[in-house]
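Below: query11.cif (mmCIF, C-alpha atoms and all ligand atoms)
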data_input
loop_
_atom_site.label_atom_id
_atom_site.label_comp_id
_atom_site.auth_asym_id
_atom_site.auth_seq_id
_atom_site.Cartn_x
_atom_site.Cartn_y
_atom_site.Cartn_z
CA MET C 4 35.98 -80.43 -98.90
CA ARG C 5 32.81 -82.45 -99.16
CA LEU C 6 29.24 -81.24 -98.82
CA ILE C 7 28.79 -82.82 -95.40
CA THR C 8 31.54 -80.47 -94.18
CA HIS C 9 30.03 -77.56 -96.08
CA ASN C 10 26.69 -78.20 -94.38
CA MET C 11 28.17 -77.02 -91.05
CA LEU C 12 30.13 -74.00 -92.24
CA SER C 13 28.88 -70.46 -92.11
CA CYS C 14 30.38 -67.02 -92.36
CA ASN C 15 31.35 -65.87 -88.88
CA ILE C 16 32.28 -62.31 -89.67
CA LYS C 17 31.20 -60.00 -86.89
CA GLY C 18 27.75 -58.56 -87.48
CA VAL C 19 26.77 -61.04 -90.19
CA THR C 20 23.39 -62.60 -89.40
CA ASN C 21 22.70 -64.61 -92.56
CA GLY C 22 26.03 -66.30 -93.17
CA PHE C 23 24.53 -69.67 -94.10
CA PRO C 24 24.71 -71.51 -96.40
CA LEU C 25 27.90 -70.43 -98.08
CA LYS C 26 27.60 -70.34 -101.85
CA ILE C 27 30.03 -72.55 -103.70
CA GLU C 28 32.13 -71.37 -106.62
CA SER C 29 33.71 -74.43 -108.10
CA VAL C 30 36.76 -74.51 -110.28
CA THR C 31 37.78 -78.13 -109.78
CA VAL C 32 35.56 -80.92 -108.47
CA VAL C 33 36.70 -84.50 -108.08
CA GLU C 34 34.70 -87.62 -107.32
CA LYS C 35 35.98 -90.43 -105.13
CA GLU C 36 34.00 -93.54 -104.41
CA VAL C 37 33.39 -94.53 -100.80
CA ASP C 38 31.41 -97.37 -99.23
CA PHE C 39 27.64 -97.01 -99.22
CA ASN C 40 26.12 -97.10 -95.75
CA PRO C 41 22.31 -96.76 -95.83
CA ASP C 42 21.85 -96.61 -92.05
CA PHE C 43 24.35 -93.81 -91.74
CA LEU C 44 22.63 -91.89 -94.53
CA ARG C 45 19.21 -92.19 -92.90
CA HIS C 46 20.68 -90.92 -89.67
CA MET C 47 22.38 -88.00 -91.47
CA PHE C 48 19.32 -87.11 -93.47
CA ALA C 49 17.54 -86.03 -90.31
CA LYS C 50 20.39 -83.67 -89.43
CA ILE C 51 21.43 -81.95 -92.63
CA GLU C 52 20.11 -78.70 -94.02
CA TRP C 53 18.51 -79.93 -97.21
CA LYS C 54 18.54 -76.68 -99.15
CA ALA C 55 22.22 -76.08 -98.47
CA LEU C 56 23.00 -79.56 -99.75
CA VAL C 57 20.93 -79.26 -102.92
CA GLU C 58 22.37 -75.88 -103.82
CA GLY C 59 25.89 -76.96 -103.00
CA ALA C 60 25.62 -80.10 -105.11
CA ARG C 61 24.19 -78.12 -107.99
CA SER C 62 27.05 -75.63 -107.94
CA MET C 63 29.41 -78.57 -108.07
CA GLY C 64 27.67 -79.88 -111.17
CA TYR C 65 25.46 -82.54 -109.58
CA GLU C 66 21.80 -81.93 -110.38
CA GLU C 67 20.17 -85.18 -109.30
CA LEU C 68 18.85 -84.19 -105.87
CA PRO C 69 15.17 -83.20 -105.63
CA GLU C 70 14.54 -79.55 -104.81
CA ASP C 71 12.21 -80.39 -101.94
CA SER C 72 13.33 -82.61 -99.15
CA PRO C 73 11.75 -86.05 -99.69
CA ASP C 74 9.66 -87.54 -96.93
CA ALA C 75 10.59 -90.38 -94.65
CA SER C 76 8.87 -93.09 -96.70
CA GLU C 77 11.37 -92.61 -99.48
CA LEU C 78 14.22 -93.25 -97.07
CA GLU C 79 12.73 -96.50 -95.86
CA SER C 80 11.72 -97.83 -99.27
CA ASP C 81 13.54 -100.85 -100.72
CA ASP C 82 14.42 -98.81 -103.73
CA GLU C 83 17.70 -97.21 -102.78
CA THR C 84 17.81 -94.72 -105.62
CA PHE C 85 17.37 -91.72 -103.38
CA LEU C 86 19.87 -92.90 -100.77
CA ARG C 87 22.46 -93.49 -103.49
CA LYS C 88 22.08 -89.93 -104.65
CA LEU C 89 22.33 -88.60 -101.13
CA HIS C 90 25.44 -90.73 -100.61
CA HIS C 91 27.07 -89.36 -103.72
CA ALA C 92 26.28 -85.73 -102.92
CA LEU C 93 27.31 -85.86 -99.27
CA LEU C 94 30.38 -88.07 -99.35
CA GLU C 95 31.78 -88.51 -102.85
CA LEU C 96 31.97 -85.01 -104.32
CA HIS C 97 35.06 -83.03 -103.35
CA LEU C 98 35.58 -79.36 -104.02
CA GLU C 99 39.31 -79.19 -104.75
CA GLU C 100 39.67 -75.63 -106.01
CA GLY C 101 37.22 -72.77 -105.77
CA ALA C 102 35.69 -70.61 -103.07
CA LEU C 103 32.94 -70.39 -100.49
CA VAL C 104 31.06 -67.11 -100.64
CA CYS C 105 29.18 -65.45 -97.79
CA PRO C 106 25.56 -64.94 -98.92
CA GLU C 107 25.30 -61.68 -97.00
CA THR C 108 28.57 -59.86 -97.61
CA GLY C 109 30.00 -61.61 -100.65
CA ARG C 110 33.25 -62.25 -98.76
CA LYS C 111 35.11 -65.12 -100.41
CA PHE C 112 36.78 -67.89 -98.49
CA PRO C 113 39.22 -69.58 -100.87
CA VAL C 114 39.41 -73.34 -101.24
CA ASN C 115 42.83 -74.60 -102.30
CA LYS C 116 43.96 -78.21 -102.50
CA GLY C 117 40.59 -79.17 -101.06
CA ILE C 118 40.98 -77.05 -97.91
CA PRO C 119 38.67 -74.09 -97.30
CA ASN C 120 40.38 -71.23 -95.53
CA MET C 121 37.86 -69.85 -93.03
CA LEU C 122 40.32 -67.62 -91.18
CA LEU C 123 38.99 -64.12 -90.64
CA HIS C 124 40.92 -60.90 -91.09
CA GLU C 125 41.56 -58.79 -88.02
CA ASP C 126 38.85 -56.28 -88.88
CA GLU C 127 36.27 -59.04 -89.27
CA VAL C 128 36.30 -60.44 -85.75
CA MET W 24 41.81 -103.50 -86.83
CA LYS W 25 44.05 -104.54 -83.95
CA LEU W 26 45.48 -102.00 -81.55
CA LYS W 27 49.07 -102.88 -82.46
CA GLN W 28 48.34 -102.51 -86.13
CA LEU W 29 46.73 -99.10 -85.59
CA GLU W 30 49.67 -97.95 -83.50
CA GLY W 31 52.07 -99.12 -86.21
CA LEU W 32 50.29 -97.21 -88.95
CA LEU W 33 50.15 -94.02 -86.88
CA GLY W 34 53.85 -94.34 -86.12
CA ASP W 35 54.66 -93.92 -89.81
CA LEU W 36 52.92 -90.56 -90.16
CA GLU W 37 54.80 -87.38 -90.95
CA GLN W 38 54.79 -84.89 -88.05
CA PHE W 39 55.42 -81.13 -87.66
CA SER W 40 58.64 -80.28 -89.48
CA ASN W 41 58.76 -76.73 -88.12
CA PRO W 42 56.69 -76.74 -84.93
CA LYS W 43 55.30 -73.32 -84.06
CA VAL W 44 55.74 -72.62 -80.37
CA GLU W 45 52.87 -70.16 -80.09
CA LEU W 46 50.43 -72.76 -81.44
CA GLU W 47 51.71 -75.49 -79.12
CA GLN W 48 52.47 -77.83 -81.97
CA TYR W 49 53.58 -81.19 -80.67
CA PRO W 50 52.17 -84.43 -81.99
CA THR W 51 50.16 -87.01 -80.12
CA GLY W 52 52.43 -90.04 -80.19
CA PRO W 53 51.19 -93.28 -81.78
CA HIS W 54 50.94 -95.01 -78.41
CA ILE W 55 48.53 -92.48 -76.92
CA ALA W 56 46.66 -91.74 -80.14
CA SER W 57 45.93 -95.39 -80.87
CA ARG W 58 44.73 -96.07 -77.32
CA MET W 59 42.59 -92.95 -77.27
CA LEU W 60 40.68 -93.86 -80.42
CA PHE W 61 40.61 -97.56 -79.68
CA THR W 62 38.99 -96.93 -76.31
CA ALA W 63 36.48 -94.54 -77.85
CA GLU W 64 35.37 -97.25 -80.24
CA ASN W 65 35.75 -100.45 -78.27
CA SER W 66 34.36 -99.25 -74.95
CA TYR W 67 31.80 -96.72 -76.20
CA GLY W 68 31.13 -97.21 -79.92
CA ASP W 69 31.84 -93.54 -80.61
CA ILE W 70 33.92 -93.84 -83.83
CA THR W 71 32.85 -96.50 -86.34
CA ASP W 72 30.07 -95.24 -88.66
CA LYS W 73 30.10 -91.86 -86.86
CA VAL W 74 30.94 -88.32 -87.93
CA VAL W 75 34.15 -87.49 -86.11
CA ALA W 76 35.70 -84.02 -85.83
CA ASP W 77 39.32 -83.45 -84.80
CA PHE W 78 39.91 -79.98 -83.34
CA GLY W 79 43.48 -78.71 -83.74
CA CYS W 80 44.23 -81.71 -85.92
CA GLY W 81 47.82 -80.70 -86.70
CA CYS W 82 49.31 -83.34 -88.96
CA GLY W 83 46.19 -85.41 -88.57
CA THR W 84 47.18 -88.29 -86.29
CA LEU W 85 43.84 -88.50 -84.45
CA SER W 86 41.89 -87.93 -87.68
CA ALA W 87 43.79 -90.75 -89.32
CA ALA W 88 43.13 -93.04 -86.38
CA ALA W 89 39.39 -92.31 -86.59
CA ALA W 90 39.37 -92.97 -90.33
CA LEU W 91 41.27 -96.23 -89.87
CA LEU W 92 38.64 -97.32 -87.35
CA ASP W 93 35.99 -96.76 -90.03
CA ALA W 94 34.39 -93.51 -89.03
CA ALA W 95 31.78 -92.64 -91.66
CA CYS W 96 33.26 -89.18 -92.08
CA VAL W 97 36.25 -87.44 -90.48
CA ILE W 98 36.87 -83.69 -90.48
CA GLY W 99 40.07 -82.13 -89.19
CA TYR W 100 40.25 -78.45 -88.22
CA ASP W 101 43.47 -76.50 -87.70
CA ILE W 102 44.66 -72.92 -87.91
CA ASP W 103 47.97 -73.71 -89.57
CA THR W 104 48.50 -74.12 -93.33
CA GLU W 105 51.68 -76.17 -93.15
CA SER W 106 50.25 -78.71 -90.72
CA LEU W 107 47.17 -79.16 -92.88
CA GLU W 108 49.35 -79.80 -95.91
CA THR W 109 51.20 -82.51 -94.02
CA ALA W 110 47.88 -83.91 -92.78
CA THR W 111 46.61 -84.10 -96.35
CA LEU W 112 49.70 -86.04 -97.40
CA ASN W 113 49.33 -88.38 -94.43
CA ALA W 114 45.73 -89.12 -95.41
CA GLU W 115 46.77 -89.81 -98.99
CA GLU W 116 49.53 -92.10 -97.82
CA LEU W 117 47.06 -94.13 -95.74
CA GLU W 118 44.41 -93.97 -98.48
CA VAL W 119 41.73 -92.63 -96.15
CA GLU W 120 39.29 -89.78 -96.84
CA ILE W 121 39.51 -86.87 -94.42
CA ASP W 122 38.17 -83.36 -94.96
CA PHE W 123 40.32 -80.55 -93.62
CA VAL W 124 39.26 -77.01 -92.78
CA GLN W 125 41.58 -74.14 -91.96
CA CYS W 126 40.10 -72.03 -89.19
CA ASP W 127 40.52 -70.66 -85.71
CA ILE W 128 38.45 -73.20 -83.83
CA THR W 129 37.79 -70.75 -81.02
CA LYS W 130 36.12 -68.35 -83.51
CA LEU W 131 34.30 -70.78 -85.76
CA GLN W 132 30.73 -71.68 -84.95
CA LEU W 133 29.80 -74.94 -86.59
CA LYS W 134 26.14 -75.28 -87.38
CA GLY W 135 23.79 -78.09 -86.58
CA LYS W 136 24.18 -81.45 -84.90
CA ILE W 137 25.99 -83.34 -87.62
CA VAL W 138 29.11 -84.17 -85.62
CA ASP W 139 28.74 -87.15 -83.31
CA THR W 140 32.15 -87.23 -81.68
CA VAL W 141 34.98 -84.73 -81.22
CA VAL W 142 38.48 -86.06 -80.58
CA MET W 143 41.25 -83.64 -79.79
CA ASN W 144 44.61 -82.96 -78.28
CA PRO W 145 44.23 -79.25 -77.72
CA PRO W 146 46.97 -76.81 -76.81
CA PHE W 147 47.46 -77.21 -73.06
CA GLY W 148 47.22 -73.48 -72.67
CA THR W 149 50.82 -73.01 -71.64
CA ARG W 150 51.44 -70.43 -74.35
CA LYS W 151 48.03 -68.88 -74.68
CA LYS W 152 46.34 -69.05 -71.34
CA GLY W 153 42.91 -70.63 -71.49
CA ALA W 154 43.37 -72.16 -74.94
CA ASP W 155 42.54 -75.62 -73.55
CA MET W 156 39.27 -74.31 -72.14
CA GLU W 157 38.33 -72.54 -75.36
CA PHE W 158 38.82 -75.76 -77.29
CA LEU W 159 36.75 -77.72 -74.80
CA SER W 160 33.97 -75.18 -74.88
CA ALA W 161 33.91 -75.26 -78.70
CA ALA W 162 33.94 -79.07 -78.77
CA MET W 163 31.04 -79.37 -76.33
CA LYS W 164 28.92 -77.11 -78.55
CA VAL W 165 29.47 -79.31 -81.57
CA ALA W 166 29.46 -82.92 -80.39
CA SER W 167 26.10 -84.64 -80.05
CA GLN W 168 27.55 -87.82 -78.54
CA ALA W 169 30.94 -87.43 -76.86
CA VAL W 170 34.17 -85.44 -76.63
CA TYR W 171 37.53 -87.13 -76.07
CA SER W 172 40.32 -84.83 -75.05
CA LEU W 173 43.74 -84.74 -73.40
CA HIS W 174 44.46 -82.29 -70.58
CA LYS W 175 47.24 -81.91 -68.08
CA THR W 176 46.57 -83.93 -64.93
CA SER W 177 47.40 -80.88 -62.85
CA THR W 178 44.25 -79.19 -64.19
CA ARG W 179 41.90 -82.10 -63.43
CA GLU W 180 39.63 -80.43 -60.85
CA HIS W 181 39.40 -77.24 -62.84
CA ILE W 182 38.44 -79.10 -66.02
CA LYS W 183 35.80 -81.15 -64.29
CA ARG W 184 34.18 -78.13 -62.67
CA ALA W 185 34.18 -76.08 -65.86
CA ALA W 186 32.81 -78.92 -67.98
CA LEU W 187 29.88 -79.62 -65.68
CA ARG W 188 29.13 -76.03 -64.75
CA ASP W 189 29.91 -74.03 -67.89
CA PHE W 190 30.10 -76.33 -70.90
CA ASN W 191 26.86 -78.25 -70.65
CA ALA W 192 28.41 -81.61 -69.80
CA LYS W 193 26.19 -84.35 -68.41
CA SER W 194 29.28 -86.28 -67.37
CA ALA W 195 33.02 -85.71 -67.30
CA GLU W 196 35.19 -88.71 -66.67
CA VAL W 197 38.94 -89.37 -66.67
CA LEU W 198 39.42 -92.65 -68.52
CA CYS W 199 43.11 -92.96 -67.77
CA GLU W 200 46.23 -91.08 -66.85
CA LEU W 201 49.03 -91.17 -69.36
CA ARG W 202 52.63 -90.13 -69.60
CA TYR W 203 52.93 -87.73 -72.49
CA ASP W 204 56.35 -87.45 -74.06
CA VAL W 205 56.44 -83.94 -75.31
CA PRO W 206 59.64 -84.27 -77.29
CA LYS W 207 62.22 -81.67 -76.45
CA LEU W 208 61.09 -79.55 -79.34
CA TYR W 209 61.72 -76.16 -77.90
CA LYS W 210 64.75 -74.60 -76.33
CA PHE W 211 62.80 -73.38 -73.32
CA HIS W 212 61.73 -76.90 -72.39
CA LYS W 213 63.43 -77.79 -69.19
CA ARG W 214 64.12 -81.45 -68.64
CA LYS W 215 61.24 -82.05 -66.27
CA GLU W 216 58.76 -80.83 -68.86
CA VAL W 217 59.68 -83.45 -71.36
CA ASP W 218 57.47 -86.10 -69.82
CA ILE W 219 54.22 -84.82 -68.32
CA ALA W 220 51.15 -86.44 -66.85
CA VAL W 221 47.99 -86.03 -68.92
CA ASP W 222 44.45 -87.29 -68.49
CA LEU W 223 42.37 -88.82 -71.21
CA TRP W 224 38.87 -87.43 -70.70
CA ARG W 225 35.48 -88.42 -71.99
CA PHE W 226 32.77 -85.77 -71.80
CA VAL W 227 29.14 -86.39 -72.63
CA PRO W 228 27.10 -83.34 -73.56
CA LYS W 229 23.55 -82.90 -72.30
CA GLN W 230 20.94 -83.43 -74.98
CA ASN W 231 19.17 -80.21 -75.73
C1 LIG K 1 49.07 -80.15 -79.26
S1 LIG K 1 48.90 -79.93 -81.00
C2 LIG K 1 48.03 -81.43 -81.44
C3 LIG K 1 48.22 -81.84 -82.87
C4 LIG K 1 47.45 -83.04 -83.36
N1 LIG K 1 46.07 -83.02 -82.93
C5 LIG K 1 48.07 -84.33 -82.94
O1 LIG K 1 47.36 -85.03 -82.24
O2 LIG K 1 49.18 -84.66 -83.28
C6 LIG K 1 47.71 -78.60 -81.06
C7 LIG K 1 47.25 -78.19 -82.48
O3 LIG K 1 46.28 -77.15 -82.36
C8 LIG K 1 46.47 -76.20 -83.39
N2 LIG K 1 45.89 -74.93 -82.92
C9 LIG K 1 46.36 -74.09 -81.97
N3 LIG K 1 45.52 -73.05 -81.78
C10 LIG K 1 44.48 -73.23 -82.65
C11 LIG K 1 43.26 -72.52 -82.92
N4 LIG K 1 42.95 -71.38 -82.29
N5 LIG K 1 42.41 -73.02 -83.85
C12 LIG K 1 42.71 -74.17 -84.51
N6 LIG K 1 43.82 -74.89 -84.29
C13 LIG K 1 44.71 -74.43 -83.38
C14 LIG K 1 47.95 -76.18 -83.62
O4 LIG K 1 48.28 -75.72 -84.91
C15 LIG K 1 48.33 -77.66 -83.38
O5 LIG K 1 48.32 -78.36 -84.60
#
Reformat the file's structure so that it appears as structure tokens.
Amino acid sequence: MRLITHNMLSCNIKGVTNGFPLKIESVTVVEKEVDFNPDFLRHMFAKIEWKALVEGARSMGYEELPEDSPDASELESDDETFLRKLHHALLELHLEEGALVCPETGRKFPVNKGIPNMLLHEDEV
Amino acid sequence: MKLKQLEGLLGDLEQFSNPKVELEQYPTGPHIASRMLFTAENSYGDITDKVVADFGCGCGTLSAAAALLDAACVIGYDIDTESLETATLNAEELEVEIDFVQCDITKLQLKGKIVDTVVMNPPFGTRKKGADMEFLSAAMKVASQAVYSLHKTSTREHIKRAALRDFNAKSAEVLCELRYDVPKLYKFHKRKEVDIAVDLWRFVPKQN
């Protein structure tokens, strides 16, 4: 699971109101290089929840993202340093083993072989 | 990538080894899958450089097709562990990156507007009545650009009405009618059910 996927997931247990973002407990993280696509990243930047991304990256051992969401000028600048970091965090870090934890209830959703299991128990729906 | 080449690659994928009847597990054949994704890209530009989600991805045929057509990110969702394991192996075999999530797609609310396009071959709802509609409803909530889906031709009017009236579709269009070879996987399949007519749909959600 990559952080772009994590950015959409929340805890859907019945009654939970603050199920986003899920905290990440990482046991194994792997990095795989993929092609850099600046236009795609600019487009994504407008859509992602910044805080969820920064916290997620940090819990996977990547500390390079700025705490506060940078402003648009940085995205358009010729210096691609920021976009490279965004690229790495969103698309190249994979959580292989670990868990996603609901911020409200502490319920853990295990991640095995890269696949988070978001299935709810009967008494949670 | 050429259509023939795409179809060839999809034809080599591993499919359900123990199909579960209650989940309506039958694969989208390489002929249909390749044409579905090829049309989505070549006629509408909905795949390359996009975020593509595959609902009920099974062994990942549609996900793989999206990745092979250079989607920027592909995410496959399915309820079944075994299928997702096969899908992971298929992705490795093709050397494409696909994220997989195990979930009940009818219960999971995905946040935000990150997904551009949903592609899916949902259960037709023959085992669990209404499953096709639940998938469509979920897909329309998530896609910001388009939803491509297969539904039985016999449900065409019903689908169209529901999409426009209940699921926030701006347009709902049948792109083509296909013969779907549901292999004789299950004992209860009578001969006439082996080859059924399905529609390939394209839905465009209203911008909110
Ligand atoms: C008709 S098969 C299509 C498989 C695959 N998309 C393909 O094209 O080969 C339907 C898939 O939906 C999955 N499924 C059924 N109900 C589901 C649910 N509630 N949530 C998520 N996946 C589900 C099944 O496990 C199965 O893999």
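Distance-wise, atom CA of W:Glu108 and atom CA of C:Leu98 end up 16.0 Å apart.
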**OP:** Find the residue from C:Asp71, C:Glu58, C:Glu28, C:Glu34 that sits nearest to chain W; use only C-alpha atoms when measuring.
**Re:**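 Closest residue, counting only C-alpha atoms: C:Glu34.
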**OP:** Grab the atom CA of W:Lys183 to atom CA of W:Val197 distance for me, in Å with one decimal place.
**Re:**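 Result for atom CA of W:Lys183 versus atom CA of W:Val197: 9.1 Å, one decimal.
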**OP:** Dump the neighbourhood of ligand LIG 1 (chain K) as a PyMOL selection string: all residues within 6 Å, distances computed on all atoms listed in the file.
**Re:** chain W and resi 46-51+79-85+101-103+126-129+143-146
With 6 Å as the cut-off and only C-alpha atoms counted, what is the closest atom pair between each nearby residue of chain C and chain W? Distances in Å to one decimal, ordered by chain and number, as CSV.
residue,atom,partner,partner_atom,distance
C:Met4,CA,W:Asp122,CA,5.4
C:Met11,CA,W:Lys134,CA,4.5
C:Leu12,CA,W:Leu133,CA,5.7
C:Lys50,CA,W:Ile137,CA,5.9
C:Ile118,CA,W:Val124,CA,5.4
C:Pro119,CA,W:Val124,CA,5.4
C:Asn120,CA,W:Gln125,CA,4.8
C:Met121,CA,W:Cys126,CA,5.0
C:Leu122,CA,W:Cys126,CA,4.8
**OP:** Just give me the residues with any atom within 12 Å of (34.1, -72.0, -67.0), file coordinates, counting all atoms listed in the file, written as a PyMOL selection string.
**Re:** chain W and resi 153+155-160+180-192
Can you take the partial stretch 44-57 of chain W, add N, CA and C atoms, and return it as a CSV table (one decimal), in the frame of the given file?
chain,number,residue,atom,x,y,z
W,44,VAL,N,55.9,-72.7,-81.8
W,44,VAL,CA,55.7,-72.6,-80.4
W,44,VAL,C,54.4,-72.0,-79.9
W,45,GLU,N,54.1,-70.9,-80.6
W,45,GLU,CA,52.9,-70.2,-80.1
W,45,GLU,C,51.6,-71.0,-80.3
W,46,LEU,N,51.6,-71.9,-81.2
W,46,LEU,CA,50.4,-72.8,-81.4
W,46,LEU,C,50.5,-74.1,-80.7
W,47,GLU,N,51.5,-74.2,-79.9
W,47,GLU,CA,51.7,-75.5,-79.1
W,47,GLU,C,51.6,-76.7,-80.0
W,48,GLN,N,52.5,-76.7,-81.0
W,48,GLN,CA,52.5,-77.8,-82.0
W,48,GLN,C,53.4,-78.9,-81.5
W,49,TYR,N,52.9,-79.9,-80.9
W,49,TYR,CA,53.6,-81.2,-80.7
W,49,TYR,C,52.6,-82.3,-80.9
W,50,PRO,N,53.1,-83.4,-81.6
W,50,PRO,CA,52.2,-84.4,-82.0
W,50,PRO,C,51.7,-85.3,-80.8
W,51,THR,N,50.6,-85.9,-81.0
W,51,THR,CA,50.2,-87.0,-80.1
W,51,THR,C,50.9,-88.3,-80.6
W,52,GLY,N,51.7,-88.9,-79.8
W,52,GLY,CA,52.4,-90.0,-80.2
W,52,GLY,C,51.5,-91.2,-80.5
W,53,PRO,N,52.0,-92.1,-81.3
W,53,PRO,CA,51.2,-93.3,-81.8
W,53,PRO,C,50.6,-94.1,-80.6
W,54,HIS,N,51.4,-94.2,-79.5
W,54,HIS,CA,50.9,-95.0,-78.4
W,54,HIS,C,49.7,-94.4,-77.8
W,55,ILE,N,49.7,-93.1,-77.5
W,55,ILE,CA,48.5,-92.5,-76.9
W,55,ILE,C,47.4,-92.4,-77.9
W,56,ALA,N,47.7,-92.0,-79.1
W,56,ALA,CA,46.7,-91.7,-80.1
W,56,ALA,C,45.9,-93.0,-80.4
W,57,SER,N,46.6,-94.1,-80.6
W,57,SER,CA,45.9,-95.4,-80.9
W,57,SER,C,45.0,-95.8,-79.7
